[in-house]
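Visitor: Once you've had a glance at the structure underneath, I'll fire off some questions.
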Amino acid sequence: IFFVRLQRCLLHRCKLLGHPLLLLRLFNTLFLNLHREGRRQMSGCCWSANSRTVRPGFDSRSPGRPKNSFMVASSHRINLGPLVGAIDQGTSSTRFLVFNSKTAELLSHHQVEIKQKFPKEGWVEEDPKEILQSVYECIDRTCEKLTQLNIDVSNIKAVGVTNQRETTVVWDKMTGEPLYNAIVWLDLRTQSTVENLIDKTPGRDKNHLRNKTGLPLSTYFSAVKLRWLLDNVEPVQQAVACHRAMFGTIDSWLIWCLTGGKSDGIHCTDVTNASRTMLFNIHTMAWDEELCKYFGVPMHILPKVRSSSEIYGLLKAGALSGVPISGCLGDQSAALVGQMCFQDGSVKNTYGTGCFLLRNTGTRPVMSNNGLLTTVAYKMGRDKPTYYALEGSVAIAGAVVRWLQDNMGIISSSKELETLAGSVGTSYGCYFVPAFSGLYAPYWEPSARGGIKQHYYDVRCLLHRIICGLTQFTNKRHLSFAALEAVCFQTREILDAMNQDSGIPLTQLQVDGGMTTNKLLMQLQADILCISVVKPSMPETTALGAAMAAGAAEGVKVWSLEPEDLSAVTSERFDPQIKLEESEFRYARWKQAVKRSMNWETTQNEDTESRGKSLFSSIPLGFYIIGSMLMLVGAKYLA
């Protein structure tokens, strides 16, 4: 028992999770040898190299080795109690993580990057089959790592799924093949579809459906992506006509495939993902016939809606075949659960590809007057109440790091961004508006485009749809700092909107997500919000939330969600270090930069059209120009 506890301490404190390092192997070898020696001494019978005495049950050809070495190895594997796995399928990567259900300790994980495709400007796609294969790879590799750590994989009692929301997939239920690439939530191809839908609403009100869905009409949500597929992809049209098509967000695609696929796979989704489609009524908690008619979506292609915590089906292949999938949450709802935000008024902010601030509003949906979304937070069981949240969504957070790295070549890694920004400690008056996919909350302005504003003098150039106003003194260090500040300013905007809606100002912000490893970003966030920022020492709260939902499901019940049973979380705190006046000044400058980015796409198109028409917009001027050209040609021939 002492050695098991010591090893667990070593795993946790030395951060050797998921890595079969040499030190850990040596420890395991020492533990096994001492354990075997103890058992031999207790039995009073041990093997002697000189006498070649062989104990019953041992192989004489290999002294000291049991006949069935696998069985003996299994008996020495560490039993940490019930374990729960979590599939975390995000925009840029897939991961599988395994947690101890009693301590919430992360034991091992594996991650695989996902390729994004950009066939046209504003289009973002991913291959559903690549996503599925990455899930199988992550599960298998994580199980291998656990085995190398002498942790018994058979103790994994359930698996949860958390996923990038709104990303849309349509597939053929007879062949199991996707009928088109997954259209990612960031994708902008549906802008004309959204405009057409707004045109047919009373008063051209983009909030026309908000009372039922909690959402404005936007390119962000699944229904308009599905409408585009139905209008533009012939295989989808044919499959729908033949009743072979299935629609779903990434969770539906994965659960269907993992539970058997075309051989009786389970076609379902949970309430949190369904609430992001614009086809789901958040009051009746069911697909809405009127909404489906509005978008022209046949209801027979929709998945069955289930709670966030129940057994959906069993894994049918891979290292965990036979283990139930019993938890499903959209990534932001999973992070809310993982941060233990179960109380009305509790708030978390996740920094991933985008940035998402959620506030638990309890069992009643609260409609925002300040551009926030009303969404389903979770429903922890078939007979459990539904909890709702107000959400502020920022399209571009971590994605700006990839843009600086891949498109601009300014940095080679996310770590370098922190180093560059920290070396100057200021943006030198440079303000970055990363509206590559338009502006989400609180503006919901798809025509906005990213801008960089410099308040000394304005020398503008167009770089990948980014307006730069820079002086000769500005360099990549200042731009790096401005990029981090931009994430914090966007969070400030949605937090201000949330405080106005709730009437109760937030006193501290709980954070999670990949970008929270950047300590400079966390300090900037505290400075710009003028409140403390609290980061848990274990940042994988999204996967933790999915694991908690899976472990707490009826029929599994290895994870208690009772307040007295929840594990205490250690955290790191960042307090404001600048004066309120300076924070407000920088925020006011940022707001000016945002105004400049508004309607940029529309203005550019109008300017182009007006330049094309202005030359001949005056009939006399047109005759004059044409006459002058004829005179020049005539003069040439006369000469």
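Chain lettering (A, B, ...) mirrors the order of the structure tokens, residue numbering begins at 1 for each chain separately, and ligand numbering begins at 1 in order of display.
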Kindly provide the residues of range 157-227 of chain A that approach range 85-97 of chain A to within 8 Å, each paired with its closest atom pair and their distance in Å to one decimal, based on only C-alpha atoms, listed by chain and increasing number, as CSV.
Guide:
residue,atom,partner,partner_atom,distance
A:Ala158,CA,A:Gly85,CA,6.3
A:Val159,CA,A:Gly85,CA,4.6
A:Gly160,CA,A:Ala86,CA,4.6
A:Val161,CA,A:Ile87,CA,4.8
A:Thr162,CA,A:Asp88,CA,5.0
A:Asn163,CA,A:Gln89,CA,4.6
A:Gln164,CA,A:Gly90,CA,4.9
A:Val184,CA,A:Thr91,CA,7.8
Visitor: Take the residues just selected and output them with C-alpha atoms as a PDB file, in the first residue's frame.
Guide:
ATOM      1  CA  ALA A 158     -17.152   4.490 -18.749  1.00  0.00           C
ATOM      2  CA  VAL A 159     -16.246   6.979 -21.471  1.00  0.00           C
ATOM      3  CA  GLY A 160     -17.572  10.509 -21.980  1.00  0.00           C
ATOM      4  CA  VAL A 161     -17.540  12.633 -25.129  1.00  0.00           C
ATOM      5  CA  THR A 162     -17.010  16.379 -25.415  1.00  0.00           C
ATOM      6  CA  ASN A 163     -16.751  18.099 -28.756  1.00  0.00           C
ATOM      7  CA  GLN A 164     -16.454  21.257 -30.797  1.00  0.00           C
ATOM      8  CA  VAL A 184     -16.498  23.884 -38.926  1.00  0.00           C
TER       9      VAL A 184
END
Visitor: What's around Thr175 in chain A at 12 Å? Count only C-alpha atoms, leave out sequence neighbours fewer than 6 positions away in its own chain, and write the answer as a list of chain:residue names.
Guide: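 Answer for this query is A:Ala239, A:Arg244, A:Ala245, A:Met246, A:Cys257, A:Gly261, A:Lys262, A:Ser263.
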Visitor: As an exercise, work out the distance from CA of Gly392 in chain A to CA of Ser346 in chain A in Å and give it to one decimal place.
Guide: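 These atoms are spaced 14.1 Å apart.
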Visitor: A:Thr269, A:Ile301, A:Lys535, A:Val424: which is nearest Thr350 in chain A, counting only C-alpha atoms?
Guide: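 The answer is A:Lys535, which sits nearest to Thr350 in chain A.
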Visitor: Counting only C-alpha atoms, what is within 8 Å of Gly214 in chain A, bar same-chain residues fewer than 2 positions away, as a list in words?
Guide: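 Those residues are Leu209, Arg210, Asn211, Lys212, Pro216, Ile282, Met367, Leu373, Thr374 and Thr375 of chain A.
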Visitor: Can I get the selection written as a compact mmCIF listing (two decimals), in the first residue's frame, with all heavy atoms?
Guide:
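Saved as result24.txt:
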# COMPACT_ATOMS: atom_id res chain seq x y z
N LEU A 209 -35.83 34.33 -33.96
CA LEU A 209 -35.99 33.00 -33.39
C LEU A 209 -35.44 32.88 -31.98
O LEU A 209 -35.40 31.79 -31.41
CB LEU A 209 -35.29 31.96 -34.29
CG LEU A 209 -35.73 31.95 -35.76
CD1 LEU A 209 -34.90 30.95 -36.55
CD2 LEU A 209 -37.21 31.63 -35.88
N ARG A 210 -35.00 33.98 -31.41
CA ARG A 210 -34.32 33.94 -30.12
C ARG A 210 -35.21 33.41 -29.00
O ARG A 210 -34.75 32.73 -28.09
CB ARG A 210 -33.78 35.32 -29.76
CG ARG A 210 -32.89 35.33 -28.53
CD ARG A 210 -32.43 36.74 -28.20
NE ARG A 210 -31.36 37.19 -29.06
CZ ARG A 210 -30.06 37.02 -28.80
NH1 ARG A 210 -29.69 36.37 -27.71
NH2 ARG A 210 -29.15 37.48 -29.62
N ASN A 211 -36.53 33.70 -29.05
CA ASN A 211 -37.42 33.25 -27.98
C ASN A 211 -37.47 31.74 -27.87
O ASN A 211 -37.67 31.19 -26.78
CB ASN A 211 -38.82 33.81 -28.19
CG ASN A 211 -38.91 35.30 -27.89
OD1 ASN A 211 -38.10 35.82 -27.12
ND2 ASN A 211 -39.86 35.99 -28.51
N LYS A 212 -37.33 31.04 -29.00
CA LYS A 212 -37.34 29.58 -28.97
C LYS A 212 -35.95 28.98 -28.80
O LYS A 212 -35.78 27.97 -28.11
CB LYS A 212 -37.96 29.03 -30.25
CG LYS A 212 -39.46 29.06 -30.31
CD LYS A 212 -39.97 28.27 -31.50
CE LYS A 212 -41.49 28.16 -31.47
NZ LYS A 212 -42.00 27.30 -32.56
N PRO A 216 -29.28 34.18 -32.08
CA PRO A 216 -29.58 35.02 -33.24
C PRO A 216 -29.25 34.26 -34.53
O PRO A 216 -28.50 33.29 -34.51
CB PRO A 216 -28.62 36.20 -33.06
CG PRO A 216 -27.42 35.58 -32.41
CD PRO A 216 -27.94 34.49 -31.51
N ILE A 282 -35.44 25.31 -26.66
CA ILE A 282 -34.81 25.16 -25.35
C ILE A 282 -35.81 25.18 -24.20
O ILE A 282 -35.43 24.96 -23.05
CB ILE A 282 -33.73 26.25 -25.12
CG1 ILE A 282 -34.34 27.65 -25.12
CG2 ILE A 282 -32.62 26.13 -26.15
CD1 ILE A 282 -33.37 28.76 -24.74
N MET A 367 -32.97 35.48 -21.00
CA MET A 367 -32.72 36.09 -22.30
C MET A 367 -31.90 37.36 -22.12
O MET A 367 -32.20 38.19 -21.26
CB MET A 367 -34.04 36.41 -23.00
CG MET A 367 -34.85 35.18 -23.36
SD MET A 367 -33.96 34.11 -24.53
CE MET A 367 -34.89 32.58 -24.36
N LEU A 373 -25.80 34.89 -25.66
CA LEU A 373 -26.62 33.75 -26.06
C LEU A 373 -27.23 33.09 -24.83
O LEU A 373 -26.63 33.06 -23.76
CB LEU A 373 -25.76 32.72 -26.80
CG LEU A 373 -24.94 33.22 -27.98
CD1 LEU A 373 -24.10 32.08 -28.54
CD2 LEU A 373 -25.82 33.82 -29.05
N THR A 374 -28.43 32.55 -25.01
CA THR A 374 -29.03 31.71 -23.98
C THR A 374 -28.91 30.27 -24.44
O THR A 374 -29.36 29.93 -25.54
CB THR A 374 -30.52 32.07 -23.78
OG1 THR A 374 -30.61 33.46 -23.45
CG2 THR A 374 -31.12 31.25 -22.66
N THR A 375 -28.29 29.44 -23.63
CA THR A 375 -27.99 28.08 -24.08
C THR A 375 -28.23 27.09 -22.94
O THR A 375 -28.34 27.48 -21.77
CB THR A 375 -26.53 27.99 -24.58
OG1 THR A 375 -26.32 26.79 -25.28
CG2 THR A 375 -25.54 28.09 -23.42
Visitor: Find the residues around Lys557 in chain A up to 10 Å (only C-alpha atoms counted), leave out those fewer than 3 positions away in its own chain, and share them as an MDAnalysis selection string.
Guide: chainID A and resid 82 101 157:158 548:554 560:561
Visitor: From a backbone DSSP assignment, name each residue in range 177-351 of chain A labelled alpha helix (DSSP H), as a PyMOL selection string.
Guide: chain A and resi 191-199+210-213+222-232+234-241+250-258+271-274+289-295+331-338
Visitor: Please identify all polymer residues within 10 Å of Val305 in chain A, counting only C-alpha atoms, omitting same-chain residues fewer than 6 positions from it, and present them as a PyMOL selection string.
Guide: chain A and resi 252+267-275+280+285-287
Visitor: Taking only C-alpha atoms into account, name the residue in A:Ala526, A:Leu404, A:Tyr180, A:Ala319 that is nearest to Ile578 in chain A.
Guide: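 Of A:Ala526, A:Leu404, A:Tyr180, A:Ala319, the one nearest Ile578 in chain A, counting only C-alpha atoms, is A:Ala526.
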Visitor: Write out as a CSV table (one decimal) with N, CA and C atoms, in the first residue's frame the set of residues from range 223-382 of chain A that DSSP, computed on the backbone, places in strand (DSSP E).
Guide:
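Dumped to result_27.csv:
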chain,number,residue,atom,x,y,z
A,245,ALA,N,-29.8,9.7,-45.3
A,245,ALA,CA,-28.9,10.7,-44.7
A,245,ALA,C,-29.1,10.8,-43.2
A,246,MET,N,-28.0,11.0,-42.5
A,246,MET,CA,-28.0,11.3,-41.1
A,246,MET,C,-27.3,12.6,-40.8
A,247,PHE,N,-27.9,13.5,-40.0
A,247,PHE,CA,-27.2,14.8,-39.7
A,247,PHE,C,-26.8,14.7,-38.2
A,248,GLY,N,-25.7,15.4,-37.9
A,248,GLY,CA,-25.3,15.5,-36.5
A,248,GLY,C,-24.1,16.5,-36.4
A,249,THR,N,-23.9,16.9,-35.1
A,249,THR,CA,-22.7,17.6,-34.8
A,249,THR,C,-21.6,16.5,-34.5
A,268,CYS,N,-27.6,9.7,-31.9
A,268,CYS,CA,-28.1,10.6,-30.8
A,268,CYS,C,-27.2,11.8,-30.6
A,269,THR,N,-27.7,12.7,-29.8
A,269,THR,CA,-26.9,13.9,-29.4
A,269,THR,C,-27.4,14.2,-28.0
A,270,ASP,N,-26.8,15.1,-27.3
A,270,ASP,CA,-27.3,15.5,-26.0
A,270,ASP,C,-27.9,16.9,-26.1
A,280,PHE,N,-33.6,23.4,-32.2
A,280,PHE,CA,-34.0,22.8,-30.9
A,280,PHE,C,-34.7,23.9,-30.1
A,281,ASN,N,-35.9,23.6,-29.5
A,281,ASN,CA,-36.6,24.5,-28.6
A,281,ASN,C,-36.1,24.3,-27.2
A,286,ALA,N,-36.9,19.8,-27.1
A,286,ALA,CA,-37.2,18.9,-28.2
A,286,ALA,C,-37.0,19.6,-29.6
A,287,TRP,N,-36.7,18.8,-30.6
A,287,TRP,CA,-36.7,19.4,-32.0
A,287,TRP,C,-38.0,20.1,-32.2
A,304,LYS,N,-31.6,11.5,-32.2
A,304,LYS,CA,-32.5,11.5,-31.0
A,304,LYS,C,-31.8,12.4,-29.9
A,305,VAL,N,-32.5,13.2,-29.2
A,305,VAL,CA,-31.9,14.1,-28.1
A,305,VAL,C,-32.0,13.3,-26.8
A,306,ARG,N,-30.8,13.2,-26.1
A,306,ARG,CA,-30.7,12.6,-24.8
A,306,ARG,C,-30.2,13.5,-23.8
A,309,SER,N,-26.0,12.8,-19.3
A,309,SER,CA,-25.4,11.8,-18.5
A,309,SER,C,-26.3,10.6,-18.5
A,310,GLU,N,-26.1,9.7,-19.4
A,310,GLU,CA,-26.9,8.4,-19.4
A,310,GLU,C,-26.1,7.5,-20.4
A,311,ILE,N,-26.4,6.2,-20.3
A,311,ILE,CA,-25.7,5.2,-21.2
A,311,ILE,C,-26.3,5.3,-22.6
A,312,TYR,N,-25.5,5.7,-23.6
A,312,TYR,CA,-26.0,5.8,-25.0
A,312,TYR,C,-25.8,4.4,-25.7
A,313,GLY,N,-24.7,3.8,-25.4
A,313,GLY,CA,-24.4,2.5,-26.1
A,313,GLY,C,-23.0,2.1,-25.7
A,314,LEU,N,-22.5,1.0,-26.2
A,314,LEU,CA,-21.2,0.4,-25.9
A,314,LEU,C,-20.2,0.6,-27.0
A,324,PRO,N,-19.2,1.3,-21.8
A,324,PRO,CA,-20.3,2.2,-22.2
A,324,PRO,C,-19.8,3.6,-22.4
A,325,ILE,N,-20.4,4.3,-23.4
A,325,ILE,CA,-20.4,5.7,-23.6
A,325,ILE,C,-21.6,6.3,-22.8
A,326,SER,N,-21.3,7.0,-21.8
A,326,SER,CA,-22.4,7.4,-20.9
A,326,SER,C,-22.4,8.9,-20.5
A,327,GLY,N,-21.6,9.7,-21.2
A,327,GLY,CA,-21.6,11.1,-21.0
A,327,GLY,C,-21.4,11.9,-22.3
A,328,CYS,N,-22.1,13.0,-22.5
A,328,CYS,CA,-21.9,13.8,-23.7
A,328,CYS,C,-22.2,15.2,-23.4
A,329,LEU,N,-21.3,16.1,-23.7
A,329,LEU,CA,-21.5,17.6,-23.4
A,329,LEU,C,-20.7,18.3,-24.5
A,330,GLY,N,-21.3,19.4,-25.0
A,330,GLY,CA,-20.6,20.3,-25.8
A,330,GLY,C,-19.4,20.9,-25.0
A,347,VAL,N,-19.4,31.3,-12.8
A,347,VAL,CA,-18.9,31.7,-14.2
A,347,VAL,C,-17.6,31.1,-14.5
A,348,LYS,N,-17.4,30.7,-15.7
A,348,LYS,CA,-16.0,30.2,-16.2
A,348,LYS,C,-15.8,30.8,-17.6
A,349,ASN,N,-14.5,30.9,-17.9
A,349,ASN,CA,-14.1,31.4,-19.2
A,349,ASN,C,-13.1,30.4,-19.8
A,350,THR,N,-13.3,29.9,-21.0
A,350,THR,CA,-12.4,28.9,-21.6
A,350,THR,C,-11.7,29.6,-22.8
A,351,TYR,N,-10.4,29.5,-22.8
A,351,TYR,CA,-9.5,30.0,-23.9
A,351,TYR,C,-9.0,28.9,-24.7
A,355,CYS,N,-13.0,31.9,-27.6
A,355,CYS,CA,-13.0,32.2,-26.2
A,355,CYS,C,-14.5,32.2,-25.8
A,356,PHE,N,-14.9,31.5,-24.7
A,356,PHE,CA,-16.3,31.3,-24.3
A,356,PHE,C,-16.5,31.5,-22.8
A,357,LEU,N,-17.3,32.5,-22.5
A,357,LEU,CA,-17.6,32.9,-21.2
A,357,LEU,C,-19.0,32.4,-20.9
A,358,LEU,N,-19.2,31.5,-19.9
A,358,LEU,CA,-20.5,31.0,-19.5
A,358,LEU,C,-20.8,31.3,-18.1
A,359,ARG,N,-22.1,31.7,-17.8
A,359,ARG,CA,-22.6,31.9,-16.5
A,359,ARG,C,-23.8,31.1,-16.2
A,360,ASN,N,-23.8,30.2,-15.2
A,360,ASN,CA,-24.9,29.3,-14.9
A,360,ASN,C,-26.0,30.2,-14.4
A,361,THR,N,-27.2,30.1,-15.0
A,361,THR,CA,-28.4,30.8,-14.6
A,361,THR,C,-29.4,30.0,-13.9
A,362,GLY,N,-29.1,28.7,-13.6
A,362,GLY,CA,-30.0,27.8,-12.9
A,362,GLY,C,-31.0,27.1,-13.8
A,373,LEU,N,-25.8,34.9,-25.7
A,373,LEU,CA,-26.6,33.8,-26.1
A,373,LEU,C,-27.2,33.1,-24.8
A,374,THR,N,-28.4,32.5,-25.0
A,374,THR,CA,-29.0,31.7,-24.0
A,374,THR,C,-28.9,30.3,-24.4
A,375,THR,N,-28.3,29.4,-23.6
A,375,THR,CA,-28.0,28.1,-24.1
A,375,THR,C,-28.2,27.1,-22.9
A,376,VAL,N,-28.3,25.8,-23.3
A,376,VAL,CA,-28.5,24.8,-22.3
A,376,VAL,C,-27.1,24.5,-21.7
A,377,ALA,N,-27.0,24.5,-20.4
A,377,ALA,CA,-25.7,24.2,-19.7
A,377,ALA,C,-25.5,22.7,-19.6
A,378,TYR,N,-26.4,22.0,-19.0
A,378,TYR,CA,-26.3,20.5,-18.9
A,378,TYR,C,-27.6,20.0,-18.3
